[in-house]
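Q: Contents are JSON, C-alpha atoms; file name structure.json:
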```
[["chain", "number", "residue", "atom", "x", "y", "z"],
["A", 1, "MET", "CA", -32.78, 23.98, 12.69],
["A", 2, "ASP", "CA", -35.98, 24.54, 10.70],
["A", 3, "ARG", "CA", -39.36, 22.98, 11.49],
["A", 4, "ASN", "CA", -38.90, 20.07, 9.09],
["A", 5, "SER", "CA", -35.53, 19.24, 10.62],
["A", 6, "CYS", "CA", -37.09, 19.35, 14.10],
["A", 7, "LEU", "CA", -39.87, 17.06, 12.88],
["A", 8, "ASP", "CA", -37.31, 14.55, 11.56],
["A", 9, "TYR", "CA", -35.43, 14.75, 14.85],
["A", 10, "PHE", "CA", -38.40, 14.09, 17.13],
["A", 11, "GLN", "CA", -39.93, 11.39, 14.93],
["A", 12, "ALA", "CA", -37.06, 9.13, 16.02],
["A", 13, "PHE", "CA", -38.27, 9.12, 19.64],
["A", 14, "PRO", "CA", -40.63, 6.33, 20.76],
["A", 15, "PHE", "CA", -43.18, 8.71, 22.31],
["A", 16, "TRP", "CA", -43.75, 10.67, 19.08],
["A", 17, "GLU", "CA", -46.09, 8.20, 17.38],
["A", 18, "HIS", "CA", -48.27, 8.14, 20.51],
["A", 19, "MET", "CA", -48.81, 11.90, 20.51],
["A", 20, "THR", "CA", -51.84, 13.55, 18.95],
["A", 21, "ALA", "CA", -51.30, 15.78, 15.95],
["A", 22, "GLU", "CA", -52.22, 18.73, 18.15],
["A", 23, "ASP", "CA", -49.54, 17.88, 20.72],
["A", 24, "GLN", "CA", -46.96, 17.22, 18.02],
["A", 25, "ASN", "CA", -47.57, 20.66, 16.54],
["A", 26, "PHE", "CA", -47.56, 22.18, 20.02],
["A", 27, "LEU", "CA", -44.14, 20.68, 20.71],
["A", 28, "LEU", "CA", -42.72, 21.92, 17.40],
["A", 29, "ASP", "CA", -44.20, 25.38, 17.99],
["A", 30, "ASN", "CA", -42.53, 25.65, 21.39],
["A", 31, "ILE", "CA", -39.12, 24.10, 20.77],
["A", 32, "ARG", "CA", -36.23, 26.57, 20.88],
["A", 33, "GLU", "CA", -32.76, 26.22, 19.40],
["A", 34, "LEU", "CA", -29.94, 27.48, 21.63],
["A", 35, "HIS", "CA", -26.18, 27.79, 21.47],
["A", 36, "TYR", "CA", -23.86, 28.07, 24.46],
["A", 37, "PRO", "CA", -20.13, 28.78, 24.18],
["A", 38, "ALA", "CA", -17.65, 26.76, 26.21],
["A", 39, "GLY", "CA", -17.72, 27.80, 29.87],
["A", 40, "ALA", "CA", -21.22, 29.29, 29.80],
["A", 41, "ALA", "CA", -23.74, 28.55, 32.54],
["A", 42, "VAL", "CA", -26.75, 26.80, 31.03],
["A", 43, "GLN", "CA", -28.60, 26.46, 34.32],
["A", 44, "SER", "CA", -27.65, 28.07, 37.62],
["A", 45, "GLU", "CA", -29.28, 29.42, 40.77],
["A", 46, "GLU", "CA", -30.35, 32.48, 38.79],
["A", 47, "ARG", "CA", -31.68, 30.44, 35.84],
["A", 48, "GLN", "CA", -33.36, 27.38, 37.27],
["A", 49, "CYS", "CA", -35.72, 24.86, 35.69],
["A", 50, "LEU", "CA", -35.31, 25.62, 32.01],
["A", 51, "GLY", "CA", -37.12, 22.58, 30.70],
["A", 52, "THR", "CA", -35.88, 19.52, 28.82],
["A", 53, "LEU", "CA", -32.60, 19.92, 26.94],
["A", 54, "PHE", "CA", -31.88, 17.90, 23.80],
["A", 55, "LEU", "CA", -28.14, 18.13, 23.21],
["A", 56, "LEU", "CA", -27.35, 18.12, 19.49],
["A", 57, "ASN", "CA", -23.59, 18.39, 19.93],
["A", 58, "GLY", "CA", -21.09, 19.34, 22.62],
["A", 59, "VAL", "CA", -20.53, 18.41, 26.26],
["A", 60, "LEU", "CA", -22.65, 19.53, 29.22],
["A", 61, "ARG", "CA", -21.61, 19.03, 32.85],
["A", 62, "VAL", "CA", -24.39, 18.50, 35.39],
["A", 63, "TYR", "CA", -23.32, 19.13, 38.97],
["A", 64, "LEU", "CA", -24.30, 20.16, 42.48],
["A", 65, "LEU", "CA", -23.00, 23.33, 44.11],
["A", 66, "SER", "CA", -22.78, 23.66, 47.89],
["A", 67, "ALA", "CA", -23.33, 26.85, 49.85],
["A", 68, "GLN", "CA", -19.55, 26.96, 50.36],
["A", 69, "GLY", "CA", -18.94, 26.86, 46.61],
["A", 70, "LYS", "CA", -17.79, 23.23, 46.42],
["A", 71, "GLU", "CA", -18.81, 21.40, 43.26],
["A", 72, "ALA", "CA", -19.71, 17.73, 42.80],
["A", 73, "THR", "CA", -20.14, 16.51, 39.23],
["A", 74, "LEU", "CA", -23.11, 14.19, 38.77],
["A", 75, "TYR", "CA", -22.52, 13.25, 35.13],
["A", 76, "ARG", "CA", -21.73, 14.60, 31.69],
["A", 77, "LEU", "CA", -23.93, 14.67, 28.62],
["A", 78, "ARG", "CA", -22.58, 14.39, 25.08],
["A", 79, "ASP", "CA", -23.85, 14.48, 21.49],
["A", 80, "ASN", "CA", -27.51, 13.41, 21.20],
["A", 81, "ASP", "CA", -28.02, 13.00, 24.95],
["A", 82, "ILE", "CA", -31.08, 14.43, 26.72],
["A", 83, "CYS", "CA", -30.99, 16.32, 30.02],
["A", 84, "THR", "CA", -34.09, 15.82, 32.15],
["A", 85, "LEU", "CA", -32.82, 17.27, 35.44],
["A", 86, "SER", "CA", -32.93, 20.70, 33.80],
["A", 87, "ALA", "CA", -36.71, 20.29, 34.17],
["A", 88, "SER", "CA", -36.53, 19.12, 37.79],
["A", 89, "CYS", "CA", -39.29, 21.51, 38.91],
["A", 90, "MET", "CA", -41.67, 19.59, 36.62],
["A", 91, "LEU", "CA", -40.69, 16.17, 38.00],
["A", 92, "SER", "CA", -42.40, 15.46, 41.31],
["A", 93, "ALA", "CA", -39.78, 12.90, 42.39],
["A", 94, "ILE", "CA", -36.90, 15.41, 42.11],
["A", 95, "THR", "CA", -36.44, 17.64, 45.13],
["A", 96, "PHE", "CA", -33.02, 19.21, 44.49],
["A", 97, "ASP", "CA", -31.61, 21.71, 42.01],
["A", 98, "VAL", "CA", -28.67, 21.11, 39.71],
["A", 99, "GLN", "CA", -26.24, 23.38, 37.92],
["A", 100, "ILE", "CA", -25.40, 22.85, 34.25],
["A", 101, "ASP", "CA", -22.38, 24.26, 32.40],
["A", 102, "ALA", "CA", -21.29, 23.96, 28.79],
["A", 103, "GLU", "CA", -17.82, 22.39, 28.86],
["A", 104, "THR", "CA", -17.50, 22.85, 25.09],
["A", 105, "ASP", "CA", -19.46, 24.85, 22.55],
["A", 106, "CYS", "CA", -22.95, 23.33, 22.62],
["A", 107, "ASP", "CA", -25.93, 23.36, 20.27],
["A", 108, "LEU", "CA", -29.16, 22.15, 21.75],
["A", 109, "LEU", "CA", -32.92, 22.20, 21.59],
["A", 110, "LEU", "CA", -34.95, 23.35, 24.57],
["A", 111, "LEU", "CA", -38.53, 22.41, 25.36],
["A", 112, "PRO", "CA", -39.36, 25.01, 28.05],
["A", 113, "ALA", "CA", -40.79, 23.94, 31.39],
["A", 114, "VAL", "CA", -44.40, 25.11, 30.90],
["A", 115, "PRO", "CA", -45.09, 23.43, 27.54],
["A", 116, "PHE", "CA", -43.06, 20.44, 28.72],
["A", 117, "SER", "CA", -45.37, 20.10, 31.74],
["A", 118, "ARG", "CA", -48.48, 20.27, 29.55],
["A", 119, "LEU", "CA", -47.20, 17.57, 27.20],
["A", 120, "MET", "CA", -46.20, 15.34, 30.13],
["A", 121, "LYS", "CA", -49.72, 15.55, 31.54],
["A", 122, "ASN", "CA", -51.27, 14.77, 28.15],
["A", 123, "ASN", "CA", -49.13, 11.80, 27.22],
["A", 124, "ILE", "CA", -48.12, 8.90, 29.45],
["A", 125, "TYR", "CA", -45.62, 7.67, 26.82],
["A", 126, "LEU", "CA", -43.67, 10.92, 27.02],
["A", 127, "GLU", "CA", -43.89, 10.83, 30.82],
["A", 128, "ASN", "CA", -42.53, 7.27, 30.92],
["A", 129, "PHE", "CA", -39.75, 8.18, 28.48],
["A", 130, "ILE", "CA", -38.63, 11.12, 30.63],
["A", 131, "TYR", "CA", -38.73, 9.17, 33.90],
["A", 132, "LYS", "CA", -36.79, 6.30, 32.33],
["A", 133, "LEU", "CA", -34.06, 8.72, 31.24],
["A", 134, "THR", "CA", -34.01, 10.28, 34.69],
["A", 135, "THR", "CA", -33.59, 6.85, 36.28],
["A", 136, "GLU", "CA", -30.65, 6.13, 33.97],
["A", 137, "HIS", "CA", -29.06, 9.42, 35.01],
["A", 138, "PHE", "CA", -29.47, 8.48, 38.66],
["A", 139, "SER", "CA", -27.43, 5.35, 38.02],
["A", 140, "ASP", "CA", -24.55, 7.67, 37.08],
["A", 141, "VAL", "CA", -25.19, 9.74, 40.20],
["A", 142, "ILE", "CA", -25.04, 6.67, 42.47],
["A", 143, "SER", "CA", -21.86, 5.51, 40.75],
["A", 144, "GLY", "CA", -20.28, 8.88, 41.51],
["A", 145, "ILE", "CA", -21.36, 8.71, 45.15],
["A", 146, "GLU", "CA", -19.92, 5.20, 45.52],
["A", 147, "ARG", "CA", -16.57, 6.38, 44.18],
["A", 148, "THR", "CA", -16.51, 9.35, 46.53],
["A", 149, "PHE", "CA", -17.11, 7.20, 49.60],
["A", 150, "PHE", "CA", -15.33, 3.96, 48.77],
["A", 151, "LEU", "CA", -12.36, 4.82, 46.52],
["A", 152, "THR", "CA", -9.14, 6.60, 47.36],
["A", 153, "LEU", "CA", -8.28, 9.80, 45.50],
["A", 154, "PRO", "CA", -5.85, 8.06, 43.07],
["A", 155, "GLN", "CA", -8.50, 5.43, 42.36],
["A", 156, "ARG", "CA", -11.11, 8.12, 41.67],
["A", 157, "ILE", "CA", -8.74, 9.89, 39.29],
["A", 158, "ALA", "CA", -7.94, 6.64, 37.49],
["A", 159, "ALA", "CA", -11.64, 5.79, 37.17],
["A", 160, "PHE", "CA", -12.41, 9.29, 35.90],
["A", 161, "LEU", "CA", -9.66, 9.17, 33.25],
["A", 162, "LEU", "CA", -10.74, 5.72, 32.07],
["A", 163, "ASP", "CA", -14.37, 6.84, 31.83],
["A", 164, "GLU", "CA", -13.39, 9.95, 29.87],
["A", 165, "ALA", "CA", -11.33, 7.86, 27.46],
["A", 166, "ALA", "CA", -14.26, 5.49, 26.94],
["A", 167, "ASP", "CA", -16.73, 8.33, 26.41],
["A", 168, "THR", "CA", -14.55, 10.28, 23.98],
["A", 169, "GLY", "CA", -12.99, 7.29, 22.22],
["A", 170, "SER", "CA", -9.53, 8.76, 22.70],
["A", 171, "ASP", "CA", -6.61, 8.36, 25.11],
["A", 172, "GLU", "CA", -5.71, 12.03, 24.56],
["A", 173, "LEU", "CA", -7.95, 13.95, 26.96],
["A", 174, "SER", "CA", -8.36, 17.73, 26.83],
["A", 175, "LEU", "CA", -8.53, 18.23, 30.58],
["A", 176, "THR", "CA", -6.99, 20.63, 33.03],
["A", 177, "GLN", "CA", -6.14, 19.59, 36.56],
["A", 178, "GLU", "CA", -8.69, 22.10, 37.82],
["A", 179, "ALA", "CA", -11.39, 20.45, 35.68],
["A", 180, "ILE", "CA", -10.51, 17.01, 37.05],
["A", 181, "ALA", "CA", -10.62, 18.33, 40.61],
["A", 182, "ARG", "CA", -14.09, 19.84, 40.03],
["A", 183, "SER", "CA", -15.34, 16.67, 38.43],
["A", 184, "ILE", "CA", -14.37, 14.37, 41.26],
["A", 185, "GLY", "CA", -15.04, 16.86, 44.07],
["A", 186, "SER", "CA", -11.48, 17.20, 45.35],
["A", 187, "ALA", "CA", -8.91, 19.93, 45.89],
["A", 188, "ARG", "CA", -6.75, 20.86, 42.91],
["A", 189, "GLU", "CA", -3.55, 20.56, 44.94],
["A", 190, "ALA", "CA", -4.35, 16.98, 45.98],
["A", 191, "VAL", "CA", -5.26, 16.03, 42.40],
["A", 192, "SER", "CA", -2.05, 17.60, 41.12],
["A", 193, "ARG", "CA", 0.07, 15.50, 43.50],
["A", 194, "SER", "CA", -1.66, 12.28, 42.44],
["A", 195, "LEU", "CA", -1.35, 13.11, 38.75],
["A", 196, "LYS", "CA", 2.38, 13.82, 39.11],
["A", 197, "LYS", "CA", 2.85, 10.42, 40.74],
["A", 198, "MET", "CA", 0.88, 8.74, 37.94],
["A", 199, "ASN", "CA", 2.96, 10.65, 35.39],
["A", 200, "LYS", "CA", 6.15, 9.48, 37.06],
["A", 201, "ASP", "CA", 5.17, 5.80, 37.09],
["A", 202, "GLY", "CA", 4.27, 5.89, 33.38],
["A", 203, "SER", "CA", 0.50, 5.60, 33.62],
["A", 204, "ILE", "CA", -0.15, 8.97, 32.01],
["A", 205, "GLN", "CA", 1.63, 11.87, 30.36],
["A", 206, "ILE", "CA", 0.74, 15.36, 31.53],
["A", 207, "SER", "CA", 0.83, 18.28, 29.10],
["A", 208, "ARG", "CA", -0.55, 21.79, 29.36],
["A", 209, "GLY", "CA", -4.33, 21.47, 29.21],
["A", 210, "SER", "CA", -4.31, 17.78, 28.36],
["A", 211, "ILE", "CA", -3.56, 14.31, 29.71],
["A", 212, "ARG", "CA", -2.61, 11.30, 27.63],
["A", 213, "ILE", "CA", -3.24, 7.81, 28.98],
["A", 214, "LEU", "CA", -0.17, 5.67, 28.34],
["A", 215, "ASP", "CA", -0.98, 2.48, 30.22],
["A", 216, "LYS", "CA", -4.64, 1.62, 30.83],
["A", 217, "SER", "CA", -3.78, -1.70, 32.43],
["A", 218, "ARG", "CA", -1.78, 0.16, 35.08],
["A", 219, "LEU", "CA", -4.76, 2.43, 35.77],
["A", 220, "TYR", "CA", -7.09, -0.57, 36.12],
["A", 221, "LYS", "CA", -4.58, -2.23, 38.45],
["A", 222, "MET", "CA", -4.33, 1.00, 40.45],
["A", 223, "MET", "CA", -8.07, 0.89, 41.10],
["A", 224, "ASN", "CA", -7.66, -2.50, 42.76],
["A", 225, "THR", "CA", -4.44, -2.02, 44.72],
["A", 226, "TYR", "CA", -4.53, 1.43, 46.34]]
```
Please render this file's structure as structure tokens.
A:
Amino acid sequence: MDRNSCLDYFQAFPFWEHMTAEDQNFLLDNIRELHYPAGAAVQSEERQCLGTLFLLNGVLRVYLLSAQGKEATLYRLRDNDICTLSASCMLSAITFDVQIDAETDCDLLLLPAVPFSRLMKNNIYLENFIYKLTTEHFSDVISGIERTFFLTLPQRIAAFLLDEAADTGSDELSLTQEAIARSIGSAREAVSRSLKKMNKDGSIQISRGSIRILDKSRLYKMMNTY
């Protein structure tokens, strides 16, 4: 993406018009274009606090990783989303580190942590924009926590599949059972047993590397009856 394309991209954000010409040029001078192939680690323990990520296209998974290696997905980001937790070291209210993986090939723009911090200090509109996005992300985090504590495993799987269908706009989901298990923080074997039962009762159809939702009403009913 050339400088003019970056300018067009950032002009659409509400904070842009409130930035000085100097800060606008500083942002454009420091923005970096990155590409990550599917499966690549965008942020990990070895590569923490990148800065703010502007996802142009693809799917990023933001998750926590325990000392025992157990993963808990916080949320996913898709085309045109912005990841603020990748700059958690610059946000005083954030006291934990997250991991970020590219689930598909991803193209994104990165505003590194140091210039990001300078711009945040200079412009309250940018600061408010970033904290508002972070608050919205925390709504997804709380929703995930509620499901973990208050829903059964079949209910969590049903909710996950319905959410994925809504996000992608398709009932044909490119998902492995391992990916589902990671996303909802459960064991693959337990997820596999639940999926087989859902396949048998006609809710879904399992294929290699994909799951097709056949009966959404049954999945919604499952969330209320298990």
Q: Kindly indicate which residue among A:Ala21, A:Glu33, A:Ala159, A:Thr168 lies nearest to Ser217 of chain A, using only C-alpha atoms for the distances.
A: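 Closest to Ser217 of chain A of all the choices is A:Ala159.
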Q: How far is it from atom CA of Leu7 of chain A to atom CA of Lys121 of chain A, in Å with one decimal?
A: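 Atom-to-atom, atom CA of Leu7 of chain A and atom CA of Lys121 of chain A are spaced 21.2 Å apart.
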Q: Determine the nearest neighbour of Arg3 of chain A from the options A:Thr134, A:Ser170, A:Gln24, A:Ser203, counting only C-alpha atoms.
A: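 Smallest distance to Arg3 of chain A is found for A:Gln24.
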Q: Please produce, as CSV, a per-residue contact table for segment 49-126 of chain A versus segment 139-148 of chain A (criterion: any atom at most 9 Å away, only C-alpha atoms considered), showing the nearest atom pair and its distance in Å to one decimal, sorted by chain then residue number.
A:
```
residue,atom,partner,partner_atom,distance
A:Ala72,CA,A:Gly144,CA,9.0
A:Thr73,CA,A:Gly144,CA,8.0
A:Leu74,CA,A:Val141,CA,5.1
A:Tyr75,CA,A:Asp140,CA,6.2
```
Q: Extract, using only C-alpha atoms, all DNA, RNA and protein residues at most 12 Å from Arg156 of chain A, discarding same-chain residues fewer than 2 positions from it, and format them as a tab-separated table (two decimals) with C-alpha atoms, in the frame of the given file.
A:
```tsv
chain	number	residue	atom	x	y	z
A	143	SER	CA	-21.86	5.51	40.75
A	144	GLY	CA	-20.28	8.88	41.51
A	145	ILE	CA	-21.36	8.71	45.15
A	146	GLU	CA	-19.92	5.20	45.52
A	147	ARG	CA	-16.57	6.38	44.18
A	148	THR	CA	-16.51	9.35	46.53
A	149	PHE	CA	-17.11	7.20	49.60
A	150	PHE	CA	-15.33	3.96	48.77
A	151	LEU	CA	-12.36	4.82	46.52
A	152	THR	CA	-9.14	6.60	47.36
A	153	LEU	CA	-8.28	9.80	45.50
A	154	PRO	CA	-5.85	8.06	43.07
A	158	ALA	CA	-7.94	6.64	37.49
A	159	ALA	CA	-11.64	5.79	37.17
A	160	PHE	CA	-12.41	9.29	35.90
A	161	LEU	CA	-9.66	9.17	33.25
A	162	LEU	CA	-10.74	5.72	32.07
A	163	ASP	CA	-14.37	6.84	31.83
A	180	ILE	CA	-10.51	17.01	37.05
A	181	ALA	CA	-10.62	18.33	40.61
A	183	SER	CA	-15.34	16.67	38.43
A	184	ILE	CA	-14.37	14.37	41.26
A	185	GLY	CA	-15.04	16.86	44.07
A	186	SER	CA	-11.48	17.20	45.35
A	190	ALA	CA	-4.35	16.98	45.98
A	191	VAL	CA	-5.26	16.03	42.40
A	194	SER	CA	-1.66	12.28	42.44
A	195	LEU	CA	-1.35	13.11	38.75
A	219	LEU	CA	-4.76	2.43	35.77
A	220	TYR	CA	-7.09	-0.57	36.12
A	222	MET	CA	-4.33	1.00	40.45
A	223	MET	CA	-8.07	0.89	41.10
A	224	ASN	CA	-7.66	-2.50	42.76
A	226	TYR	CA	-4.53	1.43	46.34
```
Q: Could you work out how far atom CA of Ala187 of chain A lies from atom CA of His137 of chain A, giving the answer in Å with one decimal?
A: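 About the pair atom CA of His137 of chain A and atom CA of Ala187 of chain A: they are 25.2 Å apart.
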